[in-house]
file model.cif (mmCIF, C-alpha atoms)
data_entry
#
loop_
_atom_site.label_atom_id
_atom_site.label_comp_id
_atom_site.auth_asym_id
_atom_site.auth_seq_id
_atom_site.Cartn_x
_atom_site.Cartn_y
_atom_site.Cartn_z
CA MET A 1 72.91 58.18 90.80
CA ASN A 2 72.24 59.84 94.14
CA SER A 3 68.54 59.25 94.77
CA SER A 4 68.37 62.18 97.21
CA LEU A 5 68.31 64.47 94.16
CA PHE A 6 64.68 63.56 93.68
CA ARG A 7 63.52 63.54 97.28
CA PRO A 8 61.47 66.37 98.81
CA MET A 9 63.68 69.01 100.42
CA PRO A 10 62.67 68.16 104.03
CA GLU A 11 64.21 64.71 103.47
CA TRP A 12 67.60 66.08 102.44
CA PRO A 13 70.50 65.48 104.86
CA VAL A 14 71.52 68.27 107.21
CA ILE A 15 75.08 69.28 106.38
CA GLY A 16 75.50 71.31 109.53
CA THR A 17 73.80 73.50 112.11
CA TYR A 18 75.23 76.92 112.95
CA ASP A 19 74.52 80.14 114.76
CA VAL A 20 75.24 82.24 111.65
CA ALA A 21 75.37 81.10 108.01
CA VAL A 22 76.85 83.49 105.46
CA PHE A 23 76.29 83.00 101.73
CA GLY A 24 78.82 84.49 99.36
CA ALA A 25 82.55 84.87 100.08
CA GLY A 26 83.17 88.24 98.48
CA PRO A 27 84.27 91.22 100.61
CA SER A 28 80.92 91.61 102.39
CA GLY A 29 80.62 87.87 103.09
CA VAL A 30 84.14 87.66 104.47
CA GLY A 31 83.47 90.72 106.62
CA ALA A 32 80.24 89.20 107.92
CA ALA A 33 81.67 85.76 108.64
CA VAL A 34 84.84 86.94 110.38
CA SER A 35 82.91 89.47 112.48
CA ALA A 36 80.33 86.90 113.63
CA ALA A 37 83.00 84.32 114.39
CA ARG A 38 85.09 86.81 116.38
CA MET A 39 82.05 87.34 118.58
CA GLY A 40 82.16 83.65 119.45
CA LEU A 41 79.36 82.47 117.17
CA LYS A 42 79.55 79.17 115.31
CA THR A 43 79.76 80.48 111.74
CA ILE A 44 79.94 79.03 108.24
CA ILE A 45 80.60 80.77 104.93
CA VAL A 46 79.29 79.14 101.74
CA GLU A 47 80.64 79.95 98.28
CA LYS A 48 79.79 78.48 94.87
CA TYR A 49 83.33 78.93 93.56
CA GLY A 50 86.57 77.44 94.88
CA SER A 51 87.99 80.39 96.77
CA PRO A 52 86.99 83.57 98.61
CA GLY A 53 87.50 87.14 97.46
CA GLY A 54 84.58 87.74 95.12
CA VAL A 55 85.20 90.11 92.23
CA ALA A 56 88.80 90.65 93.37
CA THR A 57 89.77 87.01 92.82
CA LEU A 58 87.09 85.62 90.47
CA SER A 59 86.87 88.59 88.11
CA ASN A 60 90.59 89.39 88.35
CA VAL A 61 90.19 92.78 90.06
CA PRO A 62 92.36 92.68 93.22
CA TYR A 63 91.95 96.43 93.52
CA TYR A 64 90.57 97.71 96.83
CA MET A 65 89.23 101.10 95.74
CA GLY A 66 87.51 103.65 97.93
CA PHE A 67 89.21 103.46 101.32
CA GLY A 68 88.77 107.20 101.51
CA ALA A 69 88.49 110.53 99.77
CA GLU A 70 89.46 114.15 100.35
CA GLY A 71 92.34 113.01 102.54
CA GLN A 72 90.01 111.18 104.93
CA GLN A 73 89.82 107.44 105.60
CA ILE A 74 86.24 106.14 105.60
CA ALA A 75 86.75 102.35 105.60
CA ALA A 76 88.90 100.45 108.08
CA GLY A 77 88.06 97.29 110.05
CA LEU A 78 88.75 94.00 108.31
CA ALA A 79 89.47 95.63 104.95
CA GLU A 80 92.40 97.49 106.48
CA GLU A 81 93.59 94.34 108.27
CA ILE A 82 93.72 92.56 104.91
CA ILE A 83 95.72 95.34 103.28
CA ARG A 84 98.18 95.47 106.20
CA GLU A 85 98.75 91.73 105.96
CA LEU A 86 99.16 91.88 102.18
CA ASP A 87 101.62 94.74 102.63
CA SER A 88 103.71 92.61 105.01
CA MET A 89 103.98 90.08 102.16
CA GLY A 90 105.03 92.70 99.63
CA ALA A 91 101.72 92.32 97.81
CA ALA A 92 100.08 95.75 98.18
CA SER A 93 100.67 99.18 96.71
CA VAL A 94 98.84 102.47 96.96
CA VAL A 95 97.67 103.69 93.55
CA ASN A 96 97.69 107.31 92.52
CA ASP A 97 94.10 107.82 91.42
CA ALA A 98 94.91 110.65 89.04
CA VAL A 99 97.33 108.65 86.87
CA PRO A 100 96.71 105.73 87.89
CA ILE A 101 100.04 104.03 88.62
CA PRO A 102 101.00 101.93 91.66
CA GLU A 103 103.68 103.42 93.90
CA TYR A 104 105.66 100.15 93.92
CA LYS A 105 106.66 100.66 97.54
CA PRO A 106 105.29 99.44 100.89
CA VAL A 107 102.06 100.95 102.18
CA GLY A 108 103.60 101.11 105.64
CA ASP A 109 101.66 102.65 108.50
CA ARG A 110 100.03 105.39 106.43
CA LYS A 111 96.32 106.02 106.67
CA LEU A 112 94.40 104.44 103.80
CA THR A 113 92.72 107.32 102.04
CA GLY A 114 92.49 106.07 98.46
CA HIS A 115 92.98 102.88 96.45
CA VAL A 116 95.25 99.87 97.01
CA LEU A 117 96.29 97.32 94.37
CA SER A 118 97.20 93.76 95.29
CA SER A 119 97.46 90.27 93.78
CA ALA A 120 94.50 87.92 93.34
CA ASP A 121 96.52 84.89 94.40
CA GLN A 122 97.92 86.57 97.51
CA LEU A 123 94.47 87.89 98.37
CA ARG A 124 93.04 84.36 98.30
CA LEU A 125 95.73 83.24 100.74
CA VAL A 126 95.24 86.13 103.14
CA ILE A 127 91.45 85.86 103.23
CA ASN A 128 91.54 82.10 103.77
CA ARG A 129 94.02 82.57 106.59
CA MET A 130 91.80 85.19 108.23
CA LEU A 131 88.77 82.92 108.00
CA GLU A 132 90.84 80.10 109.48
CA ARG A 133 92.11 82.22 112.38
CA ALA A 134 88.58 83.41 113.15
CA GLY A 135 87.32 79.82 113.25
CA VAL A 136 84.90 80.19 110.33
CA ALA A 137 83.82 76.91 108.72
CA ARG A 138 84.24 77.15 104.93
CA LEU A 139 82.24 75.30 102.32
CA TYR A 140 83.29 76.13 98.76
CA TYR A 141 82.08 74.53 95.52
CA THR A 142 78.56 74.73 96.95
CA SER A 143 75.58 76.46 95.31
CA LEU A 144 72.56 77.94 97.03
CA ILE A 145 69.39 76.51 95.47
CA GLY A 146 66.57 77.37 97.88
CA ALA A 147 65.41 78.01 101.42
CA ALA A 148 62.98 76.51 103.91
CA VAL A 149 60.97 79.32 105.49
CA SER A 150 58.48 79.23 108.36
CA GLU A 151 56.58 82.24 109.71
CA GLY A 152 58.97 84.71 108.15
CA ALA A 153 62.15 83.02 109.37
CA VAL A 154 64.57 80.97 107.28
CA GLN A 155 64.97 77.61 108.97
CA ALA A 156 67.49 76.16 106.52
CA ALA A 157 69.22 77.02 103.27
CA ALA A 158 69.08 74.36 100.57
CA VAL A 159 72.41 73.87 98.83
CA ASP A 160 73.88 71.62 96.17
CA CYS A 161 77.30 70.22 97.08
CA MET A 162 79.46 68.10 94.80
CA GLU A 163 78.23 65.04 96.69
CA GLY A 164 74.57 66.04 96.37
CA PRO A 165 71.99 68.37 97.91
CA GLY A 166 71.65 69.13 101.60
CA LEU A 167 70.47 71.63 104.20
CA ILE A 168 72.40 74.17 106.24
CA LYS A 169 70.53 75.21 109.35
CA ALA A 170 71.24 78.38 111.32
CA LYS A 171 69.70 80.81 113.76
CA ALA A 172 70.53 83.77 111.51
CA PHE A 173 71.50 84.10 107.85
CA VAL A 174 73.52 86.70 105.93
CA ASP A 175 72.96 87.18 102.20
CA CYS A 176 76.24 88.37 100.66
CA THR A 177 75.68 86.80 97.25
CA GLY A 178 75.71 90.19 95.53
CA ASP A 179 72.48 89.31 93.74
CA ALA A 180 70.31 88.91 96.87
CA GLN A 181 69.95 85.24 95.96
CA LEU A 182 69.10 84.03 99.47
CA VAL A 183 66.46 86.69 100.06
CA TYR A 184 65.03 86.12 96.58
CA ARG A 185 64.83 82.33 96.99
CA ALA A 186 63.38 82.68 100.48
CA GLY A 187 60.54 84.86 99.21
CA GLY A 188 61.78 88.12 100.70
CA ALA A 189 61.20 91.48 99.05
CA VAL A 190 63.69 92.31 96.26
CA ARG A 191 64.07 94.80 93.41
CA GLU A 192 65.65 93.93 90.08
CA TYR A 193 67.57 96.65 88.30
CA THR A 194 67.03 97.49 84.66
CA GLU A 195 69.88 97.13 82.16
CA GLU A 196 70.79 100.80 82.47
CA GLU A 197 70.54 100.80 86.27
CA SER A 198 72.76 97.74 86.57
CA MET A 199 75.68 99.32 84.66
CA HIS A 200 77.69 97.54 81.99
CA LYS A 201 79.49 94.23 82.56
CA SER A 202 83.20 93.57 82.04
CA ILE A 203 85.79 90.84 81.74
CA PHE A 204 89.10 92.02 83.16
CA PHE A 205 92.24 90.63 81.56
CA ASP A 206 95.99 90.97 82.14
CA LEU A 207 98.49 91.69 79.38
CA GLY A 208 102.20 90.94 79.41
CA GLY A 209 104.92 92.29 77.16
CA VAL A 210 103.91 95.93 77.72
CA THR A 211 106.74 98.47 77.49
CA GLN A 212 106.89 101.98 78.92
CA TYR A 213 104.14 104.35 77.87
CA ASP A 214 102.57 107.62 79.01
CA VAL A 215 99.23 106.83 80.65
CA GLN A 216 97.68 110.23 80.02
CA GLU A 217 98.86 110.35 76.40
CA ASN A 218 97.42 106.90 75.75
CA LYS A 219 94.10 107.93 77.27
CA LYS A 220 94.03 111.02 75.06
CA LEU A 221 94.93 108.98 71.96
CA TYR A 222 92.24 106.39 72.75
CA LYS A 223 89.62 109.16 72.99
CA GLU A 224 90.64 110.43 69.57
CA LEU A 225 90.56 106.97 68.02
CA PHE A 226 87.17 106.30 69.62
CA ALA A 227 85.76 109.51 68.15
CA GLN A 228 87.09 108.46 64.72
CA GLY A 229 85.44 105.04 65.00
CA LYS A 230 88.76 103.21 64.98
CA THR A 231 88.31 101.32 68.27
CA PRO A 232 86.71 97.84 68.30
CA PRO A 233 82.90 98.03 68.17
CA GLY A 234 80.81 98.18 71.33
CA LEU A 235 83.43 99.60 73.71
CA LEU A 236 83.26 102.64 75.98
CA ASP A 237 85.02 105.94 75.34
CA TYR A 238 87.34 105.43 78.32
CA PHE A 239 90.80 103.81 78.18
CA ALA A 240 90.59 101.72 81.36
CA CYS A 241 93.96 100.23 82.21
CA LEU A 242 96.08 99.83 85.31
CA GLN A 243 99.69 98.77 85.64
CA LYS A 244 100.03 95.63 87.74
CA LEU A 245 102.57 95.03 90.49
CA GLU A 246 104.48 92.69 88.16
CA PRO A 247 106.85 94.49 85.72
CA GLY A 248 105.66 94.72 82.12
CA MET A 249 102.09 93.74 82.96
CA VAL A 250 98.90 95.77 82.67
CA LYS A 251 95.32 95.06 83.75
CA MET A 252 92.74 96.01 81.12
CA CYS A 253 89.06 96.78 81.49
CA LEU A 254 87.97 97.58 77.95
CA THR A 255 85.44 94.82 77.35
CA LYS A 256 81.79 95.76 77.60
CA ALA A 257 78.45 93.97 77.52
CA VAL A 258 75.00 95.14 78.45
CA GLY A 259 72.29 92.94 79.92
CA GLN A 260 70.71 91.48 83.03
CA ALA A 261 72.96 89.37 85.24
CA LEU A 262 70.07 87.38 86.67
CA THR A 263 69.61 84.57 84.17
CA SER A 264 72.03 81.91 83.01
CA GLY A 265 71.09 82.64 79.41
CA GLU A 266 71.96 86.33 79.65
CA MET A 267 75.20 85.65 81.53
CA THR A 268 76.17 83.10 78.89
CA ARG A 269 75.48 85.56 76.07
CA MET A 270 77.53 88.32 77.69
CA GLU A 271 80.36 85.93 78.53
CA ILE A 272 80.66 84.79 74.92
CA GLU A 273 80.33 88.33 73.58
CA MET A 274 83.16 89.70 75.71
CA ARG A 275 85.47 86.71 75.17
CA GLU A 276 85.23 87.53 71.47
CA GLN A 277 86.06 91.17 72.19
CA ILE A 278 89.39 90.37 73.87
CA PRO A 279 91.38 89.34 70.75
CA GLN A 280 89.95 92.34 68.90
CA ILE A 281 91.08 94.64 71.69
CA VAL A 282 94.55 93.09 71.80
CA ASP A 283 94.94 93.49 68.04
CA PHE A 284 93.84 97.13 68.31
CA LEU A 285 96.28 97.83 71.16
CA ARG A 286 99.20 96.27 69.30
CA ARG A 287 98.39 98.33 66.21
CA GLU A 288 97.49 101.69 67.69
CA MET A 289 98.69 102.21 71.26
CA PRO A 290 102.28 103.09 72.25
CA GLY A 291 103.81 100.50 74.57
CA PHE A 292 101.49 97.69 73.50
CA ALA A 293 103.09 96.56 70.23
CA GLN A 294 104.23 93.23 71.69
CA CYS A 295 101.49 92.68 74.28
CA TYR A 296 99.85 89.31 74.85
CA VAL A 297 97.11 87.92 77.11
CA VAL A 298 98.38 86.37 80.33
CA HIS A 299 95.20 85.87 82.33
CA THR A 300 91.47 86.64 82.18
CA GLY A 301 88.85 86.67 84.91
CA ILE A 302 86.84 83.49 85.29
CA HIS A 303 83.66 85.39 86.13
CA LEU A 304 82.07 88.45 84.58
CA GLY A 305 82.51 91.67 86.49
CA VAL A 306 78.92 92.42 87.54
CA ARG A 307 78.36 95.77 89.21
CA ALA A 308 74.67 95.48 90.03
CA SER A 309 71.76 93.13 89.37
CA ARG A 310 69.26 92.68 92.21
CA GLY A 311 68.93 94.11 95.69
CA ILE A 312 66.71 93.68 98.69
CA VAL A 313 63.79 95.93 99.58
CA GLY A 314 64.74 96.83 103.10
CA LEU A 315 63.01 98.21 106.14
CA GLU A 316 64.74 101.42 105.04
CA THR A 317 66.03 102.43 101.60
CA LEU A 318 68.92 104.81 100.93
CA LYS A 319 67.79 107.38 98.36
CA ARG A 320 69.50 109.96 96.18
CA GLN A 321 67.58 112.72 97.93
CA ASP A 322 68.98 111.57 101.28
CA ILE A 323 72.55 111.99 100.04
CA ASP A 324 71.93 115.14 97.99
CA GLU A 325 70.29 116.92 100.92
CA LYS A 326 72.51 115.26 103.55
CA ARG A 327 69.54 114.18 105.62
CA PRO A 328 70.61 113.02 109.11
CA VAL A 329 71.17 109.28 109.59
CA ALA A 330 70.17 108.12 113.07
CA GLU A 331 71.70 104.63 112.91
CA PRO A 332 74.84 104.64 110.70
CA ILE A 333 76.81 101.45 109.97
CA ALA A 334 79.32 102.50 107.28
CA VAL A 335 80.50 105.58 105.41
CA ILE A 336 80.35 106.37 101.69
CA THR A 337 81.12 109.34 99.44
CA ARG A 338 78.45 111.55 97.85
CA THR A 339 79.60 111.45 94.21
CA TYR A 340 77.87 108.79 92.13
CA GLY A 341 77.38 107.71 88.52
CA SER A 342 79.80 105.73 86.31
CA HIS A 343 80.02 102.62 84.13
CA SER A 344 77.27 103.67 81.75
CA VAL A 345 75.67 101.18 79.37
CA LYS A 346 75.94 103.73 76.56
CA LYS A 347 79.03 104.91 74.65
CA ALA A 348 80.20 107.34 77.33
CA PHE A 349 81.75 105.90 80.48
CA ILE A 350 80.08 108.60 82.59
CA PRO A 351 76.24 108.70 82.48
CA GLU A 352 74.51 112.03 81.89
CA TRP A 353 73.04 111.99 85.41
CA ARG A 354 76.41 111.72 87.19
CA THR A 355 76.38 113.77 90.40
CA VAL A 356 79.58 115.22 91.84
CA GLN A 357 79.39 116.33 95.47
CA SER A 358 81.99 116.79 98.18
CA GLY A 359 81.79 115.29 101.62
CA PHE A 360 80.51 112.00 103.00
CA TYR A 361 77.34 110.20 104.00
CA SER A 362 76.38 107.23 106.18
CA ILE A 363 74.55 104.03 105.32
CA PRO A 364 71.48 103.49 107.55
CA TRP A 365 71.40 100.26 109.53
CA LYS A 366 67.97 99.07 108.40
CA THR A 367 68.95 99.10 104.72
CA ILE A 368 70.47 95.65 105.40
CA MET A 369 67.19 94.19 106.73
CA PRO A 370 64.89 92.74 104.03
CA GLU A 371 61.15 93.09 104.32
CA GLY A 372 59.42 89.80 105.06
CA LEU A 373 62.30 87.86 106.66
CA ARG A 374 62.95 88.08 110.39
CA ASN A 375 66.35 86.40 110.71
CA VAL A 376 68.11 87.47 107.52
CA VAL A 377 70.30 90.47 106.75
CA ALA A 378 72.13 91.42 103.56
CA GLY A 379 75.58 92.82 102.91
CA GLY A 380 77.48 94.48 100.09
CA ARG A 381 75.88 95.81 96.94
CA ALA A 382 72.58 93.97 97.53
CA ILE A 383 71.41 96.20 100.39
CA SER A 384 68.38 98.44 99.93
CA VAL A 385 69.38 101.49 97.89
CA GLU A 386 68.20 103.36 94.85
CA PRO A 387 70.15 101.97 91.88
CA GLU A 388 71.97 105.20 91.06
CA LEU A 389 73.74 104.98 94.42
CA LEU A 390 75.21 101.51 93.89
CA ASP A 391 78.31 103.19 92.55
CA VAL A 392 79.35 104.51 95.98
CA LEU A 393 78.87 101.34 98.01
CA ARG A 394 79.95 98.49 95.71
CA LEU A 395 83.68 99.14 96.22
CA ALA A 396 85.43 96.38 98.17
CA PRO A 397 86.38 98.20 101.41
CA ARG A 398 82.90 99.67 101.74
CA CYS A 399 81.25 96.32 100.96
CA MET A 400 83.38 94.78 103.69
CA SER A 401 82.29 97.44 106.19
CA ILE A 402 78.64 96.78 105.35
CA GLY A 403 79.33 93.05 105.63
CA GLN A 404 80.80 93.53 109.09
CA ALA A 405 77.62 95.35 110.13
CA ALA A 406 75.54 92.49 108.73
CA GLY A 407 77.66 89.89 110.53
CA VAL A 408 77.42 91.71 113.85
CA THR A 409 73.66 92.11 113.46
CA ALA A 410 73.16 88.43 112.62
CA ALA A 411 75.41 87.34 115.48
CA LEU A 412 73.60 89.45 118.05
CA ALA A 413 70.20 88.23 116.82
CA ALA A 414 71.40 84.62 117.13
CA MET A 415 72.81 85.26 120.60
CA ARG A 416 69.67 86.98 121.86
CA GLY A 417 67.17 84.76 120.06
CA VAL A 418 65.34 87.76 118.60
CA ASP A 419 64.46 89.14 115.17
CA VAL A 420 67.17 91.31 113.63
CA ALA A 421 64.88 94.35 113.72
CA GLN A 422 64.36 93.93 117.47
CA LEU A 423 68.01 94.50 118.35
CA PRO A 424 69.07 97.79 119.92
CA TYR A 425 71.21 99.77 117.49
CA SER A 426 73.45 100.90 120.34
CA GLU A 427 74.73 97.36 120.84
CA VAL A 428 75.42 96.90 117.11
CA ARG A 429 77.28 100.20 117.03
CA SER A 430 79.36 99.31 120.07
CA ARG A 431 80.43 95.99 118.51
CA LEU A 432 81.31 97.64 115.19
CA LEU A 433 83.50 100.20 116.92
CA GLU A 434 85.27 97.37 118.74
CA LEU A 435 86.01 95.86 115.31
CA ASN A 436 87.47 99.21 114.14
CA VAL A 437 84.67 99.77 111.62
CA ILE A 438 84.21 103.45 110.76
CA VAL A 439 80.50 104.20 111.20
CA ASP A 440 80.44 108.00 111.42
CA GLU A 441 81.20 110.52 108.70
CA PRO A 442 84.51 112.38 109.03
CA GLN A 443 84.11 115.93 110.28
#
call {"tool": "encode", "arguments": {"input": "model.cif", "output": "structure tokens"}}
result
Amino acid sequence: MNSSLFRPMPEWPVIGTYDVAVFGAGPSGVGAAVSAARMGLKTIIVEKYGSPGGVATLSNVPYYMGFGAEGQQIAAGLAEEIIRELDSMGAASVVNDAVPIPEYKPVGDRKLTGHVLSSADQLRLVINRMLERAGVARLYYTSLIGAAVSEGAVQAAAVDCMEGPGLIKAKAFVDCTGDAQLVYRAGGAVREYTEEESMHKSIFFDLGGVTQYDVQENKKLYKELFAQGKTPPGLLDYFACLQKLEPGMVKMCLTKAVGQALTSGEMTRMEIEMREQIPQIVDFLRREMPGFAQCYVVHTGIHLGVRASRGIVGLETLKRQDIDEKRPVAEPIAVITRTYGSHSVKKAFIPEWRTVQSGFYSIPWKTIMPEGLRNVVAGGRAISVEPELLDVLRLAPRCMSIGQAAGVTAALAAMRGVDVAQLPYSEVRSRLLELNVIVDEPQ
């Protein structure tokens, strides 16, 4: 047995020393790592699973939603680069949001103003290639277990590799774990969302053997069956399905579990609960839904789809009142829409407080800076926002934009040898624009 398991953390071996260390290889982590590396910083990305992509690849949702709205593109940068590369491989299709059905034709040089469907396997390849080209060191199959902190600065992240525990040292750190795990373990300020605030959890699964059907008619029929109590117990009132790029295959999101995603016990319970729901759902579809009489399960996600759990308490917090009143944002880093509220934990998919508003809003820079830690920033859905607003920033392209802002901020702090909050916003903005990140709301 490796005796280092029982040594004090300061005696653990140093795995590597970097300028920027990014934890979590979902969209925000990939955006952060590639952005920092492109600025010439020695960068590593650490992921507890075996491949990058986050929810898209682990939870079987290779669906980049939210590139834009109202005919305007609001996310570009690395997210667009990924879609363009996938499109060159024949692995991307724009999805008509109203139906939704993929176009089954190349994206081409069109502006990205909606949603794009891809393939989880192709997405893994493209993201790994981008990390490789940028010169990002990758360490998968490695779990974050703690942090060494001195005078408000993280000196090293403690990780558990397959060969045993060790330390990753860096000048600046980026928390893109989705659950603010690095900030939490380093003693930074965090907020944990209640069950209702964190939205319901899902396991996405793919069905084969599906024949032609009318999407809108099936949605209408499902609503009727739900009202009559003929759907499997515990589900939502919304028929969530999406045709895949492969003929005869459909992606389903009908499973539902409610609970906190912050303990192994709760995650285990929800995992088991939804795995049991899948055969019930398949039996129901075969029996009741046109086009599904011969369907069968092809693939399920290996990780629960978690929409929210824990976030940082930042130097600034994005609030509902800010968006509702369109209060000016002095230091924007990414753009979001102003309509929020979905994935309820109750029977209805849409919560009673859903707010529908036209137009756009910007994410303030200091929402990525946690209170109490001088050399750490966060990306993705773990930034500092009121929980009701998580719905508008957790989508992959927007997470990647926020991640790019976090990566640029961490890189500049490492280069200058200063706290992240001491950087001039103008320099961060300039770098983001160079990376083709959209930081200002469309006019």
call {"tool": "resolve_selection", "arguments": {"input": "model.cif", "expression": "the PyMOL selection byres ((chain A and resi 93-110) around 8)", "output": "list in words"}}
result
Arg84, Asp87, Gly90, Ala91, Ala92, Lys111, Leu112, Gly114, His115, Val116, Leu117, Ser118, Val215, Gln216, Leu242, Gln243, Lys244 and Leu245 of chain A
call {"tool": "residues_around", "arguments": {"input": "model.cif", "residues": "Thr337 of chain A", "least_positions_apart": "5", "cutoff": "7 Å", "atoms": "all atoms listed in the file", "output": "list in words"}}
result
Gly359, Phe360, Tyr361 and Val392 of chain A
call {"tool": "residues_near_point", "arguments": {"input": "model.cif", "point": "(76.1, 93.8, 109.2)", "cutoff": "10 Å", "atoms": "only C-alpha atoms", "output": "VMD selection string"}}
result
chain A and resid 28 to 29 31 to 33 35 to 36 174 333 to 334 365 to 369 377 to 380 400 to 411 428 432
call {"tool": "resolve_selection", "arguments": {"input": "model.cif", "expression": "the PyMOL selection byres ((chain A and resi 435) around 9)", "output": "PyMOL selection string"}}
result
chain A and resi 35+77-78+404+430-434+436-437
call {"tool": "residues_around", "arguments": {"input": "model.cif", "residues": "segment 56-64 of chain A", "least_positions_apart": "3", "cutoff": "7 Å", "atoms": "all atoms listed in the file", "output": "ChimeraX atom specification"}}
result
/A:53,115-120,124,203-204,300-305,396-397
call {"tool": "residues_near_point", "arguments": {"input": "model.cif", "point": "(94.6, 108.5, 71.4)", "cutoff": "10 Å", "atoms": "all atoms listed in the file", "output": "ChimeraX atom specification"}}
result
/A:216-227,239,288-290
call {"tool": "resolve_selection", "arguments": {"input": "model.cif", "expression": "the PyMOL selection byres ((chain A and resi 158) around 6)", "output": "PyMOL selection string"}}
result
chain A and resi 145-147+157+159+166-167
call {"tool": "atom_distance", "arguments": {"input": "model.cif", "atom1": "atom CA of Glu273 of chain A", "atom2": "atom CA of Ala261 of chain A"}}
result
13.8 Å
call {"tool": "residues_around", "arguments": {"input": "model.cif", "residues": "segment 314-318 of chain A", "least_positions_apart": "5", "cutoff": "9 Å", "atoms": "only C-alpha atoms", "output": "PyMOL selection string"}}
result
chain A and resi 189-190+323+363-371+383-386+389+421
call {"tool": "closest_residue", "arguments": {"input": "model.cif", "among": "A:Pro52, A:Pro27, A:Pro332, A:Gly234", "to": "Val258 of chain A", "atoms": "all atoms listed in the file"}}
result
A:Gly234
call {"tool": "residues_around", "arguments": {"input": "model.cif", "residues": "Leu235 of chain A", "least_positions_apart": "5", "cutoff": "8 Å", "atoms": "all atoms listed in the file", "output": "NGL selection string"}}
result
:A and (254-256 or 347)
call {"tool": "atom_distance", "arguments": {"input": "model.cif", "atom1": "atom CA of Arg38 of chain A", "atom2": "atom CA of Gly135 of chain A"}}
result
8.0 Å
call {"tool": "decode", "arguments": {"input": "model.cif", "residues": "segment 278-282 of chain A", "atoms": "all heavy atoms", "output": "PDB file, in the first residue's frame"}}
result
ATOM      1  N   ILE A 278     -35.890   4.388 -15.983  1.00  0.00           N
ATOM      2  CA  ILE A 278     -35.673   4.228 -17.417  1.00  0.00           C
ATOM      3  C   ILE A 278     -36.481   3.070 -18.012  1.00  0.00           C
ATOM      4  O   ILE A 278     -37.192   3.264 -19.011  1.00  0.00           O
ATOM      5  CB  ILE A 278     -34.169   4.101 -17.731  1.00  0.00           C
ATOM      6  CG1 ILE A 278     -33.474   5.445 -17.442  1.00  0.00           C
ATOM      7  CG2 ILE A 278     -33.945   3.709 -19.191  1.00  0.00           C
ATOM      8  CD1 ILE A 278     -31.957   5.414 -17.581  1.00  0.00           C
ATOM      9  N   PRO A 279     -36.419   1.845 -17.449  1.00  0.00           N
ATOM     10  CA  PRO A 279     -37.242   0.781 -18.052  1.00  0.00           C
ATOM     11  C   PRO A 279     -38.737   1.067 -17.971  1.00  0.00           C
ATOM     12  O   PRO A 279     -39.494   0.661 -18.868  1.00  0.00           O
ATOM     13  CB  PRO A 279     -36.855  -0.467 -17.250  1.00  0.00           C
ATOM     14  CG  PRO A 279     -36.207   0.027 -16.006  1.00  0.00           C
ATOM     15  CD  PRO A 279     -35.568   1.323 -16.353  1.00  0.00           C
ATOM     16  N   GLN A 280     -39.180   1.763 -16.934  1.00  0.00           N
ATOM     17  CA  GLN A 280     -40.598   2.132 -16.852  1.00  0.00           C
ATOM     18  C   GLN A 280     -40.971   3.094 -17.972  1.00  0.00           C
ATOM     19  O   GLN A 280     -42.049   2.985 -18.582  1.00  0.00           O
ATOM     20  CB  GLN A 280     -40.897   2.784 -15.502  1.00  0.00           C
ATOM     21  CG  GLN A 280     -40.662   1.905 -14.288  1.00  0.00           C
ATOM     22  CD  GLN A 280     -40.921   2.662 -12.994  1.00  0.00           C
ATOM     23  OE1 GLN A 280     -41.933   3.342 -12.846  1.00  0.00           O
ATOM     24  NE2 GLN A 280     -40.006   2.554 -12.061  1.00  0.00           N
ATOM     25  N   ILE A 281     -40.077   4.043 -18.233  1.00  0.00           N
ATOM     26  CA  ILE A 281     -40.334   5.015 -19.294  1.00  0.00           C
ATOM     27  C   ILE A 281     -40.356   4.334 -20.661  1.00  0.00           C
ATOM     28  O   ILE A 281     -41.233   4.605 -21.489  1.00  0.00           O
ATOM     29  CB  ILE A 281     -39.258   6.129 -19.259  1.00  0.00           C
ATOM     30  CG1 ILE A 281     -39.418   6.965 -17.989  1.00  0.00           C
ATOM     31  CG2 ILE A 281     -39.349   7.013 -20.500  1.00  0.00           C
ATOM     32  CD1 ILE A 281     -38.258   7.911 -17.726  1.00  0.00           C
ATOM     33  N   VAL A 282     -39.409   3.431 -20.887  1.00  0.00           N
ATOM     34  CA  VAL A 282     -39.356   2.730 -22.168  1.00  0.00           C
ATOM     35  C   VAL A 282     -40.623   1.910 -22.379  1.00  0.00           C
ATOM     36  O   VAL A 282     -41.211   1.908 -23.476  1.00  0.00           O
ATOM     37  CB  VAL A 282     -38.094   1.844 -22.251  1.00  0.00           C
ATOM     38  CG1 VAL A 282     -38.134   0.963 -23.501  1.00  0.00           C
ATOM     39  CG2 VAL A 282     -36.836   2.707 -22.251  1.00  0.00           C
TER      40      VAL A 282
END
